[in-house]
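Shown here: data_26.cif, mmCIF, C-alpha atoms and all ligand atoms.
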data_my_file
loop_
_atom_site.label_atom_id
_atom_site.label_comp_id
_atom_site.auth_asym_id
_atom_site.auth_seq_id
_atom_site.Cartn_x
_atom_site.Cartn_y
_atom_site.Cartn_z
CA MET Q 1 -97.27 250.50 -60.49
CA ARG Q 2 -100.27 248.76 -58.96
CA LEU Q 3 -100.29 244.98 -59.08
CA SER Q 4 -103.31 242.69 -58.68
CA VAL Q 5 -103.03 238.95 -58.15
CA VAL Q 6 -106.10 236.85 -58.93
CA VAL Q 7 -106.28 233.46 -57.21
CA PRO Q 8 -109.18 231.06 -57.91
CA CYS Q 9 -109.72 228.81 -54.88
CA PHE Q 10 -111.81 225.68 -54.58
CA ASN Q 11 -111.51 223.85 -51.26
CA GLU Q 12 -108.13 225.31 -50.44
CA GLU Q 13 -108.57 225.96 -46.69
CA LEU Q 14 -105.30 224.18 -45.89
CA GLY Q 15 -103.13 226.17 -48.25
CA LEU Q 16 -104.39 229.75 -48.02
CA ASP Q 17 -102.29 230.80 -45.02
CA TYR Q 18 -99.10 229.62 -46.72
CA LEU Q 19 -100.21 231.33 -49.89
CA HIS Q 20 -100.78 234.59 -48.02
CA GLU Q 21 -97.35 234.43 -46.43
CA ALA Q 22 -95.55 233.53 -49.65
CA LEU Q 23 -97.44 236.11 -51.70
CA VAL Q 24 -96.92 239.00 -49.31
CA ALA Q 25 -93.22 238.18 -49.10
CA ALA Q 26 -92.85 238.01 -52.87
CA LEU Q 27 -95.09 240.98 -53.72
CA SER Q 28 -93.62 243.43 -51.19
CA ARG Q 29 -90.32 242.98 -52.96
CA ILE Q 30 -91.91 244.04 -56.26
CA THR Q 31 -94.15 246.96 -55.33
CA GLY Q 32 -95.66 248.67 -52.31
CA ASP Q 33 -99.05 248.85 -53.99
CA PHE Q 34 -100.64 245.46 -54.52
CA GLU Q 35 -103.88 243.61 -53.91
CA VAL Q 36 -104.64 239.91 -53.85
CA LEU Q 37 -108.06 238.86 -55.10
CA LEU Q 38 -109.03 235.51 -53.67
CA VAL Q 39 -112.02 234.03 -55.45
CA ASP Q 40 -113.89 231.34 -53.56
CA ASP Q 41 -115.38 229.08 -56.22
CA GLY Q 42 -118.16 227.63 -54.07
CA SER Q 43 -115.88 225.69 -51.72
CA THR Q 44 -117.49 223.19 -49.40
CA ASP Q 45 -114.82 223.50 -46.72
CA ALA Q 46 -113.80 226.50 -44.61
CA THR Q 47 -112.08 228.35 -47.47
CA LEU Q 48 -114.42 231.35 -47.22
CA ALA Q 49 -113.93 231.64 -43.46
CA VAL Q 50 -110.17 231.65 -43.97
CA MET Q 51 -110.54 234.36 -46.60
CA ARG Q 52 -112.61 236.53 -44.24
CA ARG Q 53 -109.96 236.12 -41.57
CA LEU Q 54 -107.14 236.99 -43.98
CA HIS Q 55 -109.02 240.10 -45.14
CA GLU Q 56 -109.59 241.21 -41.53
CA ALA Q 57 -105.91 240.90 -40.75
CA ASP Q 58 -104.65 242.33 -44.04
CA PRO Q 59 -107.04 244.46 -46.15
CA ARG Q 60 -104.80 244.01 -49.20
CA MET Q 61 -106.22 240.49 -49.30
CA ARG Q 62 -109.60 241.07 -50.97
CA PHE Q 63 -112.03 238.23 -51.59
CA LEU Q 64 -115.03 237.36 -53.66
CA ALA Q 65 -117.21 234.34 -53.00
CA LEU Q 66 -119.24 232.82 -55.84
CA SER Q 67 -122.68 231.45 -55.07
CA ARG Q 68 -121.67 227.92 -56.09
CA ASN Q 69 -118.88 226.06 -57.89
CA PHE Q 70 -118.75 227.66 -61.34
CA GLY Q 71 -115.39 226.17 -62.36
CA LYS Q 72 -111.94 227.65 -62.51
CA GLU Q 73 -112.58 229.57 -65.73
CA ALA Q 74 -115.49 231.47 -64.18
CA ALA Q 75 -113.58 232.05 -60.95
CA MET Q 76 -110.64 233.55 -62.87
CA LEU Q 77 -113.04 235.71 -64.83
CA ALA Q 78 -114.70 236.93 -61.63
CA GLY Q 79 -111.30 237.90 -60.27
CA LEU Q 80 -110.19 239.60 -63.47
CA SER Q 81 -113.37 241.67 -63.60
CA GLN Q 82 -112.58 243.07 -60.14
CA ALA Q 83 -108.84 243.59 -60.57
CA THR Q 84 -107.79 247.23 -60.41
CA GLY Q 85 -104.04 246.86 -61.02
CA ASP Q 86 -102.02 248.13 -63.97
CA ALA Q 87 -100.67 244.61 -64.15
CA VAL Q 88 -102.79 241.59 -63.21
CA ALA Q 89 -101.33 238.20 -62.33
CA ILE Q 90 -103.29 234.95 -62.29
CA MET Q 91 -102.08 232.04 -60.21
CA ASP Q 92 -103.27 228.87 -58.46
CA ALA Q 93 -103.85 228.70 -54.74
CA ASP Q 94 -101.83 225.53 -54.21
CA LEU Q 95 -98.38 227.18 -54.60
CA GLN Q 96 -97.71 225.15 -57.74
CA HIS Q 97 -97.15 228.54 -59.30
CA PRO Q 98 -94.12 229.89 -57.40
CA PRO Q 99 -94.80 233.51 -56.28
CA GLU Q 100 -91.06 234.27 -56.48
CA LEU Q 101 -91.34 234.03 -60.24
CA LEU Q 102 -93.68 237.04 -60.32
CA ALA Q 103 -90.82 239.53 -59.90
CA GLN Q 104 -89.15 238.24 -63.05
CA MET Q 105 -92.46 238.17 -64.93
CA ILE Q 106 -93.27 241.77 -63.96
CA ASP Q 107 -89.80 242.84 -65.10
CA VAL Q 108 -90.40 241.26 -68.50
CA LEU Q 109 -93.87 242.86 -68.71
CA GLY Q 110 -92.19 246.22 -68.11
CA THR Q 111 -90.04 245.79 -71.21
CA GLY Q 112 -93.08 246.27 -73.41
CA TYR Q 113 -95.17 243.09 -73.33
CA ASP Q 114 -98.87 242.71 -72.62
CA GLN Q 115 -98.76 239.09 -71.56
CA VAL Q 116 -96.01 237.22 -69.77
CA VAL Q 117 -96.73 233.52 -69.42
CA ALA Q 118 -94.91 231.06 -67.21
CA ARG Q 119 -94.00 227.77 -68.85
CA ARG Q 120 -93.43 224.82 -66.57
CA SER Q 121 -91.08 221.97 -67.32
CA ARG Q 122 -92.64 218.55 -67.02
CA THR Q 123 -89.81 217.05 -64.98
CA GLY Q 124 -90.98 214.67 -62.28
CA GLU Q 125 -94.15 213.73 -64.10
CA PRO Q 126 -94.81 210.15 -65.19
CA LEU Q 127 -93.49 209.41 -68.70
CA LEU Q 128 -96.93 208.36 -69.92
CA ARG Q 129 -98.51 211.61 -68.78
CA ARG Q 130 -95.74 213.57 -70.51
CA MET Q 131 -96.23 211.67 -73.74
CA VAL Q 132 -100.01 212.08 -73.65
CA SER Q 133 -99.77 215.81 -73.13
CA ARG Q 134 -97.20 216.21 -75.89
CA LEU Q 135 -99.51 214.29 -78.23
CA TYR Q 136 -102.47 216.42 -77.12
CA TYR Q 137 -100.71 219.68 -77.94
CA ARG Q 138 -99.45 218.34 -81.27
CA MET Q 139 -103.03 217.40 -82.17
CA MET Q 140 -104.53 220.61 -80.84
CA ASN Q 141 -102.22 222.78 -82.88
CA GLN Q 142 -103.29 220.82 -85.94
CA ALA Q 143 -106.97 221.04 -85.07
CA VAL Q 144 -107.20 224.62 -83.87
CA GLU Q 145 -105.89 227.65 -85.70
CA ILE Q 146 -104.62 229.02 -82.45
CA GLU Q 147 -101.11 228.25 -81.24
CA LEU Q 148 -101.14 226.45 -77.87
CA GLN Q 149 -97.95 225.73 -75.96
CA ASP Q 150 -97.22 222.69 -73.84
CA GLY Q 151 -96.61 223.45 -70.16
CA VAL Q 152 -98.25 226.84 -70.40
CA GLY Q 153 -101.21 227.13 -68.06
CA ASP Q 154 -103.09 229.96 -66.49
CA PHE Q 155 -100.07 231.28 -64.56
CA ARG Q 156 -99.41 234.61 -66.24
CA VAL Q 157 -99.23 238.35 -65.85
CA LEU Q 158 -101.41 240.56 -68.04
CA SER Q 159 -101.46 244.27 -68.69
CA GLN Q 160 -104.74 246.00 -67.86
CA ARG Q 161 -105.48 246.35 -71.57
CA ALA Q 162 -105.06 242.60 -72.11
CA VAL Q 163 -107.46 242.04 -69.20
CA GLN Q 164 -109.98 244.37 -70.82
CA ALA Q 165 -109.59 242.45 -74.07
CA LEU Q 166 -110.32 239.17 -72.26
CA LEU Q 167 -113.36 240.67 -70.56
CA SER Q 168 -114.67 241.88 -73.90
CA LEU Q 169 -115.04 238.26 -75.08
CA GLY Q 170 -118.51 237.46 -73.89
CA GLU Q 171 -118.80 233.78 -74.71
CA TYR Q 172 -120.20 231.45 -72.10
CA ASN Q 173 -118.02 228.46 -72.97
CA ARG Q 174 -114.62 229.70 -72.01
CA PHE Q 175 -111.55 227.74 -73.01
CA SER Q 176 -109.08 230.18 -71.53
CA LYS Q 177 -105.95 228.63 -73.02
CA GLY Q 178 -107.43 229.51 -76.37
CA LEU Q 179 -108.78 232.90 -75.30
CA PHE Q 180 -105.41 234.04 -73.96
CA SER Q 181 -103.90 233.14 -77.27
CA TRP Q 182 -106.76 234.61 -79.30
CA ILE Q 183 -106.47 238.14 -77.89
CA GLY Q 184 -102.91 238.30 -79.19
CA PHE Q 185 -100.66 241.19 -78.05
CA ASP Q 186 -96.93 240.74 -77.55
CA THR Q 187 -96.38 237.71 -75.37
CA ALA Q 188 -93.21 236.65 -73.59
CA THR Q 189 -92.48 233.33 -71.88
CA VAL Q 190 -90.65 232.66 -68.62
CA ASP Q 191 -89.62 229.11 -67.68
CA TYR Q 192 -89.89 227.48 -64.27
CA GLN Q 193 -89.54 224.06 -62.67
CA ASN Q 194 -92.61 221.99 -61.93
CA VAL Q 195 -93.59 222.07 -58.25
CA ALA Q 196 -95.73 219.59 -56.33
CA ARG Q 197 -98.97 220.77 -54.74
CA HIS Q 198 -98.46 222.26 -51.28
CA SER Q 199 -101.54 220.72 -49.66
CA GLY Q 200 -104.94 219.32 -50.54
CA SER Q 201 -105.41 217.42 -53.80
CA SER Q 202 -105.80 218.18 -57.48
CA LYS Q 203 -109.34 218.74 -58.75
CA TRP Q 204 -108.60 217.21 -62.13
CA THR Q 205 -109.96 213.77 -62.80
CA PHE Q 206 -109.30 211.79 -65.96
CA ARG Q 207 -112.83 212.46 -67.15
CA LYS Q 208 -112.46 216.20 -66.62
CA LEU Q 209 -109.25 216.13 -68.64
CA VAL Q 210 -110.89 214.33 -71.57
CA ASN Q 211 -113.81 216.76 -71.51
CA TYR Q 212 -111.38 219.63 -71.42
CA GLY Q 213 -109.62 218.24 -74.48
CA ILE Q 214 -112.87 218.00 -76.41
CA ASP Q 215 -113.82 221.53 -75.32
CA GLY Q 216 -110.54 222.79 -76.66
CA VAL Q 217 -111.23 221.52 -80.15
CA VAL Q 218 -114.94 222.16 -80.38
CA SER Q 219 -115.04 225.61 -78.81
CA PHE Q 220 -112.62 227.15 -81.24
CA ASN Q 221 -113.63 226.32 -84.78
CA ASN Q 222 -115.73 224.12 -86.99
CA ARG Q 223 -113.03 221.77 -88.23
CA PRO Q 224 -114.68 218.65 -86.79
CA LEU Q 225 -117.75 219.49 -88.87
CA ARG Q 226 -115.53 219.92 -91.91
CA LEU Q 227 -114.04 216.51 -91.16
CA ALA Q 228 -117.55 215.05 -91.18
CA VAL Q 229 -118.14 216.50 -94.63
CA TYR Q 230 -114.88 215.05 -96.00
CA LEU Q 231 -115.46 211.64 -94.44
CA GLY Q 232 -119.00 211.63 -95.77
CA MET Q 233 -117.70 212.35 -99.27
CA LEU Q 234 -115.08 209.61 -98.99
CA VAL Q 235 -117.58 207.01 -97.79
CA THR Q 236 -120.04 208.00 -100.54
CA MET Q 237 -117.33 207.59 -103.17
CA ILE Q 238 -116.33 204.17 -101.86
CA ALA Q 239 -119.99 203.11 -101.72
CA PHE Q 240 -120.50 204.30 -105.28
CA CYS Q 241 -117.53 202.31 -106.61
CA TYR Q 242 -118.63 199.28 -104.65
CA ALA Q 243 -122.19 199.58 -106.03
CA ILE Q 244 -120.87 199.65 -109.61
CA TRP Q 245 -118.80 196.55 -108.91
CA VAL Q 246 -121.76 194.71 -107.31
CA VAL Q 247 -124.10 195.52 -110.18
CA TRP Q 248 -121.50 194.51 -112.77
CA HIS Q 249 -120.85 191.27 -110.86
CA ALA Q 250 -124.61 190.54 -110.62
CA VAL Q 251 -125.14 191.14 -114.33
CA LYS Q 252 -122.17 188.93 -115.25
CA ASP Q 253 -122.53 186.02 -112.78
CA GLY Q 254 -126.04 186.42 -111.36
CA VAL Q 255 -126.79 187.11 -107.71
CA ASP Q 256 -125.07 184.93 -105.14
CA SER Q 257 -126.91 185.37 -101.85
CA PRO Q 258 -124.23 185.22 -99.09
CA GLY Q 259 -123.32 188.77 -98.14
CA TYR Q 260 -123.81 188.71 -94.41
CA VAL Q 261 -120.29 189.82 -93.54
CA THR Q 262 -120.34 192.76 -95.96
CA ILE Q 263 -123.70 193.94 -94.72
CA ILE Q 264 -122.88 193.67 -91.04
CA CYS Q 265 -119.59 195.52 -91.50
CA GLY Q 266 -121.27 198.22 -93.54
CA VAL Q 267 -124.14 198.70 -91.11
CA LEU Q 268 -121.94 198.75 -88.01
CA GLY Q 269 -119.23 200.94 -89.52
CA LEU Q 270 -121.60 203.51 -90.99
CA GLY Q 271 -123.82 203.43 -87.90
CA GLY Q 272 -120.84 204.22 -85.70
CA LEU Q 273 -119.65 206.99 -87.97
CA GLN Q 274 -123.09 208.56 -88.06
CA LEU Q 275 -123.47 208.43 -84.30
CA MET Q 276 -120.08 210.03 -83.86
CA PHE Q 277 -120.84 212.93 -86.14
CA LEU Q 278 -124.30 213.30 -84.72
CA GLY Q 279 -122.52 213.73 -81.42
CA ILE Q 280 -120.23 216.37 -82.87
CA LEU Q 281 -123.23 218.21 -84.30
CA GLY Q 282 -124.83 217.99 -80.87
CA GLU Q 283 -121.72 219.49 -79.27
CA TYR Q 284 -122.00 222.58 -81.44
CA LEU Q 285 -125.76 222.77 -81.04
CA GLY Q 286 -125.41 222.50 -77.27
CA ARG Q 287 -122.93 225.33 -77.28
CA ILE Q 288 -125.27 227.53 -79.27
CA TYR Q 289 -128.02 226.65 -76.80
CA TYR Q 290 -125.92 227.80 -73.85
CA GLU Q 291 -124.74 230.93 -75.60
CA THR Q 292 -128.27 232.02 -76.51
CA LYS Q 293 -129.37 231.91 -72.86
CA ARG Q 294 -126.95 234.75 -72.12
CA ARG Q 295 -126.71 233.81 -68.50
CA PRO Q 296 -124.13 235.50 -66.29
CA HIS Q 297 -120.83 233.66 -66.03
CA PHE Q 298 -121.02 233.58 -62.24
CA LEU Q 299 -122.95 234.94 -59.28
CA VAL Q 300 -121.36 236.52 -56.23
CA LYS Q 301 -122.72 235.80 -52.77
CA GLU Q 302 -120.24 237.70 -50.66
CA ALA Q 303 -117.32 240.04 -51.18
CA SER Q 304 -114.95 242.24 -49.25
CA GLY Q 305 -115.95 245.80 -50.10
CA ASP Q 306 -118.52 246.41 -52.84
CA ALA Q 307 -118.72 243.96 -55.68
CA PRO Q 308 -121.41 243.45 -58.28
CA VAL Q 309 -123.58 240.36 -58.13
CA SER Q 310 -122.79 239.31 -61.68
CA VAL Q 311 -120.83 240.61 -64.59
CA ALA Q 312 -122.17 240.93 -68.10
CA LEU Q 313 -119.35 240.54 -70.57
CA GLY Q 314 -118.93 241.45 -74.17
CA PRO Q 315 -120.38 244.26 -76.26
N1 LIG V 401 -110.11 225.59 -58.93
C1 LIG V 401 -111.26 226.37 -58.93
N2 LIG V 401 -112.46 225.81 -59.26
C2 LIG V 401 -112.58 224.49 -59.60
C3 LIG V 401 -111.40 223.70 -59.64
C4 LIG V 401 -110.19 224.28 -59.30
O1 LIG V 401 -111.20 227.56 -58.63
O2 LIG V 401 -113.69 224.05 -59.88
C5 LIG V 401 -108.81 226.20 -58.56
C6 LIG V 401 -108.05 225.46 -57.48
O3 LIG V 401 -108.44 225.89 -56.20
C7 LIG V 401 -106.61 225.85 -57.78
C8 LIG V 401 -106.60 225.98 -59.30
O4 LIG V 401 -107.96 226.14 -59.68
O5 LIG V 401 -106.25 227.09 -57.21
C9 LIG V 401 -105.99 224.78 -59.98
O6 LIG V 401 -106.61 223.59 -59.55
P1 LIG V 401 -105.81 222.25 -59.27
O7 LIG V 401 -104.60 222.54 -58.47
O8 LIG V 401 -106.79 221.27 -58.73
O9 LIG V 401 -105.40 221.83 -60.75
P2 LIG V 401 -103.98 221.24 -61.22
O10 LIG V 401 -102.91 222.12 -60.61
O11 LIG V 401 -103.91 219.85 -60.71
O12 LIG V 401 -104.02 221.35 -62.71
MG MG V 402 -102.60 222.52 -58.79
#
Could you render the structure as structure tokens?
Ligand code: UDP
Ligand code: MG
Amino acid sequence: MRLSVVVPCFNEELGLDYLHEALVAALSRITGDFEVLLVDDGSTDATLAVMRRLHEADPRMRFLALSRNFGKEAAMLAGLSQATGDAVAIMDADLQHPPELLAQMIDVLGTGYDQVVARRSRTGEPLLRRMVSRLYYRMMNQAVEIELQDGVGDFRVLSQRAVQALLSLGEYNRFSKGLFSWIGFDTATVDYQNVARHSGSSKWTFRKLVNYGIDGVVSFNNRPLRLAVYLGMLVTMIAFCYAIWVVWHAVKDGVDSPGYVTIICGVLGLGGLQLMFLGILGEYLGRIYYETKRRPHFLVKEASGDAPVSVALGP
């Protein structure tokens, strides 16, 4: 069995040598036929130079350098499109995904699964962070028809046919947690303990996390738009009842002029609501805009061996 390991890397010069060592040690125990696909996602440090050196010394370490930072989703996609293995693993470069776990995951894949995902425990994380992520997944599973699991990230092993299924989804906005779940196939889960980053620092900022959360909801269905419709109906009904009451009151007692508080509350509340849903509309419109451009998901500037400059996905 041939095994490919895809590793997206963004400014990981410090960790790649350790990764190489750990991966080769773990993979040689699984199979004699493996390749590691390092994808340089437009790093600004010496990551690419390290990759070239690793490839020189060990041709099983292949690399692909994107022309700029396209984001982890695009980097993973670039790697997947080049992977030649019967089984393809995806993991981070920072050794937060323990390579030793791959043996167990491959074993499980061999028992007839197409996806084996690693689920990390959240031990050692701040309580607040744990609570926020639990809340996020609870809400996501309500908002999106697709089942998402807490602690499950991109660390997984896929069969070649699952990889082909992923590559057949041509959308530009890629929320891979959702895509992995959308393609279906029999999926098994393997648990592991949370590990701290080996070196360098995390690329997630709070803002990126919030944006990611919004992406997750908006890129998968139109429920937020549905919510706007329901809220609109509710507000209209309340306004209608209120109007009847006001008219009845005016007919009975005449018009009493003070109404400043009611008006200001109505204007501010409705204004806010309208802006919010205008924003939601814009989110969907923006997505359509990006999809219609049909731009490639990434561009390649350098690769070990022959690699295409871009990959057109989908039918
Ligand atoms: N990464 C990437 N492109 C980016 C950001 C991150 O390829 O724009 C890679 C990064 O090099 C690492 C993986 O994605 O291998 C996960 O990133 P990170 O460790 O920063 O995320 P965290 O583990 O904190 O969720
Ligand atoms: Mg990490």
Residues within 9 Å of ligand LIG 401 (chain V), counting all atoms listed in the file, as number ranges by chain
Q: 7-12, 39-43, 69-76, 91-97, 153-154, 196-197, 200-205
Would you please work out which residue, of Q:Thr47, Q:Thr187, Q:Asn194, Q:Ser181, is nearest to ligand MG 402 (chain V) when using all atoms listed in the file?
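Among the listed residues, the smallest separation from ligand MG 402 (chain V) belongs to Q:Asn194.
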Applying 12 Å and all atoms listed in the file, which residues near Met105 in chain Q remain after dropping the ones on its own chain fewer than 3 positions away? List them as JSON, numbers by chain.
{"Q": [3, 27, 30, 87, 88, 89, 90, 98, 99, 100, 101, 102, 108, 109, 110, 111, 112, 113, 114, 115, 116, 117, 118, 119, 155, 156, 157, 158, 159, 187, 188, 189, 190, 191, 192]}
Contacts of Leu54 in chain Q at 12 Å or less, counting all atoms listed in the file, minus same-chain residues fewer than 4 places along, as a list in words?
Glu13, Leu16, Asp17, Tyr18, Leu19, His20, Glu21, Val24, Val36, Leu37, Leu38, Thr47, Leu48, Ala49, Val50, Asp58, Pro59, Arg60, Met61, Arg62, Phe63 and Ser304 of chain Q
Nearby residues (all atoms listed in the file) at most 10 Å from range 233-246 of chain Q, same-chain spacing under 5 positions excluded, as an mmCIF file with C-alpha atoms, in the frame of the given file:
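Heads up, here's the output in out.cif:
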data_model
loop_
_atom_site.group_PDB
_atom_site.id
_atom_site.type_symbol
_atom_site.label_atom_id
_atom_site.label_comp_id
_atom_site.auth_asym_id
_atom_site.auth_seq_id
_atom_site.Cartn_x
_atom_site.Cartn_y
_atom_site.Cartn_z
ATOM 1 C CA LEU Q 227 -114.040 216.510 -91.160
ATOM 2 C CA ALA Q 228 -117.550 215.050 -91.180
ATOM 3 C CA VAL Q 251 -125.140 191.140 -114.330
ATOM 4 C CA LYS Q 252 -122.170 188.930 -115.250
ATOM 5 C CA VAL Q 255 -126.790 187.110 -107.710
ATOM 6 C CA GLY Q 266 -121.270 198.220 -93.540
ATOM 7 C CA LEU Q 270 -121.600 203.510 -90.990
#
So, with all atoms listed in the file as the atoms that count, which of Q:Val195, Q:Gly254, Q:Leu14, Q:Arg138 lies closest to ligand MG 402 (chain V)?
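With all atoms listed in the file as the atom set, the closest residue is Q:Val195.
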Q:Ile106, Q:Met1, Q:Leu167, Q:Leu148: which is nearest Val217 in chain Q, counting all atoms listed in the file?
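Distance minimum relative to Val217 in chain Q lands on Q:Leu148.
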Size and centre in Å, one decimal, axis-aligned box, all listed range 233-252 of chain Q atoms plus 5 Å per side, as JSON:
{"center_x": -120.1, "center_y": 200.6, "center_z": -106.5, "size_x": 20.1, "size_y": 33.4, "size_z": 27.5}
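Each of Q:Gly15, Q:Leu23, Q:Val132, Q:Arg53 was checked against ligand MG 402 (chain V) using all atoms listed in the file; the smallest atom-to-atom distance is that of Q:Gly15.
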Interatomic distance between CA of Leu166 in chain Q and CA of Arg52 in chain Q?
28.2 Å
What is the distance between CA of Arg134 in chain Q and CA of Arg120 in chain Q, in Å to one decimal?
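We find that CA of Arg134 in chain Q and CA of Arg120 in chain Q lie 13.2 Å from each other.
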Can you list, as a list in words, every protein, DNA or RNA residue that comes within 10 Å of Glu283 in chain Q when you count all atoms listed in the file, leaving out same-chain residues fewer than 4 positions away?
Ile214, Asp215, Val218, Ser219, Phe277, Leu278, Gly279, Arg287, Ile288 and Tyr289 of chain Q
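The interatomic distance for the pair CA of Lys208 in chain Q and CA of Val300 in chain Q works out to 24.5 Å.
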Give the answer as one residue: which of Q:Ile280, Q:Leu209, Q:Leu273, Q:Val247 has the shortest atom-to-atom distance to Gly232 in chain Q, using only C-alpha atoms?
Q:Leu273
Near-Ala165 in chain Q list (10 Å; all atoms listed in the file; drop same-chain fewer than 5 positions) as JSON, numbers by chain:
{"Q": [159, 160, 179, 180, 182, 183, 184, 185, 314]}
Tell me which of Q:Leu225, Q:Leu231, Q:Leu77, Q:Ala250 sits closest to Ser176 in chain Q, counting only C-alpha atoms.
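Using only C-alpha atoms, the shortest distance to Ser176 in chain Q belongs to Q:Leu77.
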